[in-house]
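Presented below is the structure to which this report refers.
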Amino acid sequence: MTTRRHFVHSASAFAAFGALSPLIARAQALDQVKIINGFPAGGTADATSRRVGEQLRGSRYTSNAAVVENKPGAGGRIACETVKNAAPDGRTLLLTPFSCTAVYPHIYTKLSYDPFKDLMPVSIAAVMHHGLAVGPLVPSSVRTVKDYVAWCKANPNQASYGSPAAGSLPHFLGALLGSYSGVALTHVPYRGSIPGVADLVGGQLASMFTPSGDFLANHKAGKIRMIATSGPARSPFSPEVPTFAEQGFSELTTEEWFGFYAPAKTPDTVIDNANAAINAALKIPTVISGLATFGLVPAGSTVREMDRSQREAYFRWGPLVKHIGFTGMS
């Protein structure tokens, strides 16, 4: 009898727990999360943060859409440091290109964060190709990379290119092009892509390397001319533009991704919930089409896949940074 009463009592308790378990699961979701990125509003990083952040609501991770905070400056390092110092409770995420976590350690001897110790991978968000575009300062006869190199050699005082940040992959693509083609190119770093593209359109800057999505609107409007993209194949968003490899510059073939990170020591259960919510968001048609507007292809991942990809990029770009000879000041 005692055994039976114990069983009934346990079964009743289990049933009650089962009825409450959705509420308990719901209670585990955070009320509000913030996504911090290190680039100005209107660019690819901002678009990725907002498109994904809007769709996190109602997930196991968070009850509400994420709040996006832009902290531009220092090529994204300010945002990385901010998230490093945030409480490891899952309420703060970083959205950054892998330049900040895989390339910067080779550049800055006094980097204020250790990407492998201070930040935890959550999920890759989107893959992008970089592009080279020229503006009205460059004659309309310049249509290929070889044309561009020839023009730069003939006009050394105007042979400049912009990038979204010193030490970014677009910066190094320009430096590699100059090194491999034997032309002196003056680098002009900006605080993100948008200000540089504005100067390119306005004729204050001859050319620019940056995520190709940031060129698309002005390229399609005929205000600038994108003459190459960095992917292994042509971008589906600008199929008329040949790759660097097609034009004889295979050394400039590269892809870069935006990824979400959390502060170190964030609980694994929170990381898992965030990963699931982000990957679900990246499959929503409106997110896919919204990112496509910026030349971005959604590409979710597991935590382990992101960590492996970051380390592969770290080892690939170390020798290239050394070849270029660029060293940050801080």
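So you can find residues: chains in the structure tokens are A, B, ... in the order shown, residues in each start at 1, and ligands are numbered from 1 in order.
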
Sorted by chain and rising residue number, list the residues of segment 194-295 of chain A at most 10 Å from segment 309-316 of chain A (counting only C-alpha atoms), each with its closest atom pair and distance in Å to one decimal, as JSON lines.
```
{"residue": "A:Glu255", "atom": "CA", "partner": "A:Ala313", "partner_atom": "CA", "distance": 9.9}
{"residue": "A:Glu256", "atom": "CA", "partner": "A:Ala313", "partner_atom": "CA", "distance": 9.0}
{"residue": "A:Trp257", "atom": "CA", "partner": "A:Gln310", "partner_atom": "CA", "distance": 9.5}
{"residue": "A:Gly259", "atom": "CA", "partner": "A:Gln310", "partner_atom": "CA", "distance": 9.5}
```

Any chance you could export the current selection's C-alpha atoms as a PDB file, in the first residue's frame?
```pdb
ATOM      1  CA  GLU A 255      35.396  34.765 -48.096  1.00  0.00           C
ATOM      2  CA  GLU A 256      34.636  36.263 -44.724  1.00  0.00           C
ATOM      3  CA  TRP A 257      31.830  35.657 -42.296  1.00  0.00           C
ATOM      4  CA  GLY A 259      29.636  35.598 -36.436  1.00  0.00           C
TER       5      GLY A 259
END
```

* **DSSP helix (DSSP H, G or I) selection over segment 83-312 of chain A, as number ranges by chain** => A: 83-84, 99-106, 145-154, 156-158, 169-181, 193-202, 212-214, 216-220, 245-247, 250-252, 268-281, 285-292, 303-312

* Identify, on the basis of only C-alpha atoms, every residue whose closest approach to Pro170 of chain A does not exceed 6 Å; exclude the query and any residue fewer than 4 positions from it along the same chain; express the result as a list in words. =>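 My reading of the contact set: Ser163, Phe209 and Thr210 of chain A.
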
* Surrounding residues of Pro195 of chain A excluding itself and chain neighbours under 3 positions, 12 Å, only C-alpha atoms, as a PyMOL selection string -> chain A and resi 39-43+72+162-165+188-192+198-202+204-205+208+210+214-215

Next, write the just-selected residues to a file, as a compact mmCIF listing (two decimals), in the first residue's frame, keeping N, CA, C and O atoms as the atom set.
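For reference, part.txt as written:
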```txt
# COMPACT_ATOMS: atom_id res chain seq x y z
N PHE A 39 30.36 48.62 -36.06
CA PHE A 39 30.35 49.38 -37.30
C PHE A 39 29.09 50.24 -37.39
O PHE A 39 28.10 49.98 -36.70
N PRO A 40 29.11 51.29 -38.24
CA PRO A 40 27.99 52.24 -38.26
C PRO A 40 26.69 51.62 -38.76
O PRO A 40 26.68 50.58 -39.44
N ALA A 41 25.59 52.28 -38.45
CA ALA A 41 24.28 51.88 -38.95
C ALA A 41 24.26 51.97 -40.47
O ALA A 41 24.90 52.83 -41.07
N GLY A 42 23.52 51.06 -41.09
CA GLY A 42 23.35 51.09 -42.53
C GLY A 42 24.24 50.14 -43.30
O GLY A 42 24.02 49.91 -44.49
N GLY A 43 25.24 49.57 -42.64
CA GLY A 43 26.17 48.67 -43.32
C GLY A 43 25.79 47.21 -43.13
O GLY A 43 24.74 46.87 -42.56
N PRO A 72 30.81 51.89 -33.31
CA PRO A 72 31.86 51.97 -34.32
C PRO A 72 33.15 52.57 -33.77
O PRO A 72 33.14 53.32 -32.79
N GLY A 162 40.10 52.93 -50.26
CA GLY A 162 39.55 52.95 -48.93
C GLY A 162 39.21 51.54 -48.45
O GLY A 162 39.10 50.61 -49.25
N SER A 163 39.05 51.39 -47.15
CA SER A 163 38.58 50.14 -46.55
C SER A 163 37.78 50.50 -45.31
O SER A 163 37.89 51.61 -44.80
N PRO A 164 36.99 49.57 -44.79
CA PRO A 164 36.18 49.90 -43.60
C PRO A 164 36.98 50.02 -42.31
O PRO A 164 36.45 50.52 -41.32
N ALA A 165 38.25 49.61 -42.33
CA ALA A 165 39.07 49.72 -41.12
C ALA A 165 40.49 49.29 -41.42
O ALA A 165 40.72 48.40 -42.24
N VAL A 188 43.39 54.26 -47.28
CA VAL A 188 42.62 55.26 -46.55
C VAL A 188 41.59 54.52 -45.69
O VAL A 188 40.57 54.04 -46.20
N PRO A 189 41.85 54.35 -44.38
CA PRO A 189 40.90 53.63 -43.53
C PRO A 189 39.71 54.51 -43.14
O PRO A 189 39.85 55.71 -42.92
N TYR A 190 38.54 53.88 -43.06
CA TYR A 190 37.32 54.58 -42.64
C TYR A 190 36.75 53.91 -41.40
O TYR A 190 37.18 52.82 -41.01
N ARG A 191 35.77 54.56 -40.81
CA ARG A 191 35.04 53.98 -39.68
C ARG A 191 33.83 53.24 -40.23
O ARG A 191 32.69 53.68 -40.12
N GLY A 192 34.08 52.13 -40.90
CA GLY A 192 33.02 51.37 -41.53
C GLY A 192 32.93 51.64 -43.02
O GLY A 192 33.57 52.57 -43.54
N ALA A 198 30.46 56.62 -49.57
CA ALA A 198 29.98 57.97 -49.85
C ALA A 198 31.07 58.81 -50.52
O ALA A 198 30.80 59.54 -51.49
N ASP A 199 32.30 58.70 -50.03
CA ASP A 199 33.41 59.43 -50.66
C ASP A 199 33.73 58.87 -52.03
O ASP A 199 34.13 59.62 -52.94
N LEU A 200 33.56 57.57 -52.22
CA LEU A 200 33.79 56.97 -53.52
C LEU A 200 32.79 57.49 -54.54
O LEU A 200 33.17 57.91 -55.65
N VAL A 201 31.53 57.51 -54.17
CA VAL A 201 30.47 58.03 -55.04
C VAL A 201 30.69 59.51 -55.33
O VAL A 201 30.48 59.98 -56.46
N GLY A 202 31.16 60.25 -54.32
CA GLY A 202 31.36 61.68 -54.47
C GLY A 202 32.62 62.09 -55.20
O GLY A 202 32.83 63.28 -55.45
N GLN A 204 35.75 61.76 -54.11
CA GLN A 204 36.88 62.12 -53.24
C GLN A 204 37.86 60.96 -53.06
O GLN A 204 38.97 61.14 -52.56
N LEU A 205 37.46 59.77 -53.47
CA LEU A 205 38.26 58.56 -53.30
C LEU A 205 38.24 57.80 -54.62
O LEU A 205 37.19 57.65 -55.24
N MET A 208 37.80 51.52 -53.67
CA MET A 208 37.56 50.99 -52.33
C MET A 208 37.43 49.48 -52.36
O MET A 208 36.88 48.91 -53.31
N THR A 210 35.76 46.61 -49.95
CA THR A 210 34.86 46.45 -48.81
C THR A 210 33.89 45.32 -49.14
O THR A 210 33.88 44.83 -50.28
N ASP A 214 27.95 46.23 -49.77
CA ASP A 214 27.90 47.66 -49.51
C ASP A 214 28.04 48.49 -50.79
O ASP A 214 27.84 49.71 -50.77
N PHE A 215 28.41 47.82 -51.88
CA PHE A 215 28.51 48.51 -53.18
C PHE A 215 27.26 48.35 -54.02
O PHE A 215 27.06 49.11 -54.99
```

* Quick one: residues within 6 Å of Gly300 of chain A, only C-alpha atoms counted, chain neighbours fewer than 6 positions away excluded, as a list in words? ->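 Answer for this query is Ile124, Ala125 and Asn279 of chain A.
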
Could you pull the residues within 7 Å of Thr92 of chain A, counting only C-alpha atoms, minus those fewer than 4 positions along the same chain, as a PDB file with N, CA, C and O atoms, in the first residue's frame?
```pdb
ATOM      1  N   VAL A  33      17.857  40.729 -24.709  1.00  0.00           N
ATOM      2  CA  VAL A  33      19.266  40.593 -25.057  1.00  0.00           C
ATOM      3  C   VAL A  33      19.672  41.757 -25.954  1.00  0.00           C
ATOM      4  O   VAL A  33      18.835  42.407 -26.584  1.00  0.00           O
ATOM      5  N   LYS A  34      20.968  41.991 -25.976  1.00  0.00           N
ATOM      6  CA  LYS A  34      21.523  43.085 -26.771  1.00  0.00           C
ATOM      7  C   LYS A  34      22.572  42.518 -27.725  1.00  0.00           C
ATOM      8  O   LYS A  34      23.372  41.660 -27.350  1.00  0.00           O
ATOM      9  N   ILE A  35      22.549  42.999 -28.972  1.00  0.00           N
ATOM     10  CA  ILE A  35      23.573  42.636 -29.950  1.00  0.00           C
ATOM     11  C   ILE A  35      24.417  43.872 -30.221  1.00  0.00           C
ATOM     12  O   ILE A  35      23.901  44.910 -30.644  1.00  0.00           O
ATOM     13  N   VAL A  83      32.000  43.654 -25.243  1.00  0.00           N
ATOM     14  CA  VAL A  83      31.379  42.357 -24.978  1.00  0.00           C
ATOM     15  C   VAL A  83      32.262  41.512 -24.074  1.00  0.00           C
ATOM     16  O   VAL A  83      31.767  40.772 -23.211  1.00  0.00           O
ATOM     17  N   ALA A  86      31.330  42.412 -20.643  1.00  0.00           N
ATOM     18  CA  ALA A  86      29.922  42.273 -20.265  1.00  0.00           C
ATOM     19  C   ALA A  86      29.739  41.064 -19.349  1.00  0.00           C
ATOM     20  O   ALA A  86      30.545  40.138 -19.340  1.00  0.00           O
ATOM     21  N   ALA A 262      29.673  35.412 -27.521  1.00  0.00           N
ATOM     22  CA  ALA A 262      29.223  35.784 -26.175  1.00  0.00           C
ATOM     23  C   ALA A 262      30.451  35.966 -25.296  1.00  0.00           C
ATOM     24  O   ALA A 262      31.545  35.498 -25.637  1.00  0.00           O
TER      25      ALA A 262
END
```

* Asked: Looking at only C-alpha atoms, which of A:Phe172, A:Phe260, A:Tyr180, A:Tyr148 is the one that sits closest to Ile227 of chain A?
  -> A:Tyr148

* To do: Write out as a list of chain:residue names each polymer residue whose atoms come within 7 Å of Leu252 of chain A, counting only C-alpha atoms; drop sequence neighbours fewer than 5 positions from it.
  => A:Leu173, A:Ser230, A:Phe244

* From the list A:Pro267, A:Pro105, A:Gly58, A:Gly76, which residue is nearest Ala280 of chain A when using only C-alpha atoms? ->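 Smallest distance to Ala280 of chain A is found for A:Gly58.
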
* Option closest in space to Thr327 of chain A, from A:Pro236, A:Gly295, A:Pro136, A:Gly167 [counting only C-alpha atoms] -> A:Gly167

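Of the listed residues A:Asn70, A:Asn275, A:Thr144, A:Thr269, the one whose atoms come nearest to Gln247 of chain A is A:Thr144, with distances taken using only C-alpha atoms.
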
* To do: Run DSSP on the backbone and give me the residues of segment 118-209 of chain A it puts in strand (DSSP E), as a PyMOL selection string.
  => chain A and resi 119-128+130-134+160-163+186-189+207-209

* For Phe326 of chain A, which of A:Gln28, A:Thr44, A:Thr109, A:Ser49 is the closest residue, counting only C-alpha atoms? ->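 With only C-alpha atoms as the atom set, the closest residue is A:Thr109.
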
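One distance worth recording is that between atom CA of Ala299 of chain A and atom CA of Glu54 of chain A, which is 17.1 Å.
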
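Among the candidates A:Gly73, A:Ala126, A:Gly222, A:Ser235, the one nearest to Lys283 of chain A when counting only C-alpha atoms is A:Ala126.
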
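You will find atom CA of Ser250 of chain A at 23.8 Å from atom CA of Ala154 of chain A.
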
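Rounded to one decimal, atom CA of Trp151 of chain A and atom CA of Leu132 of chain A lie 14.3 Å from each other.
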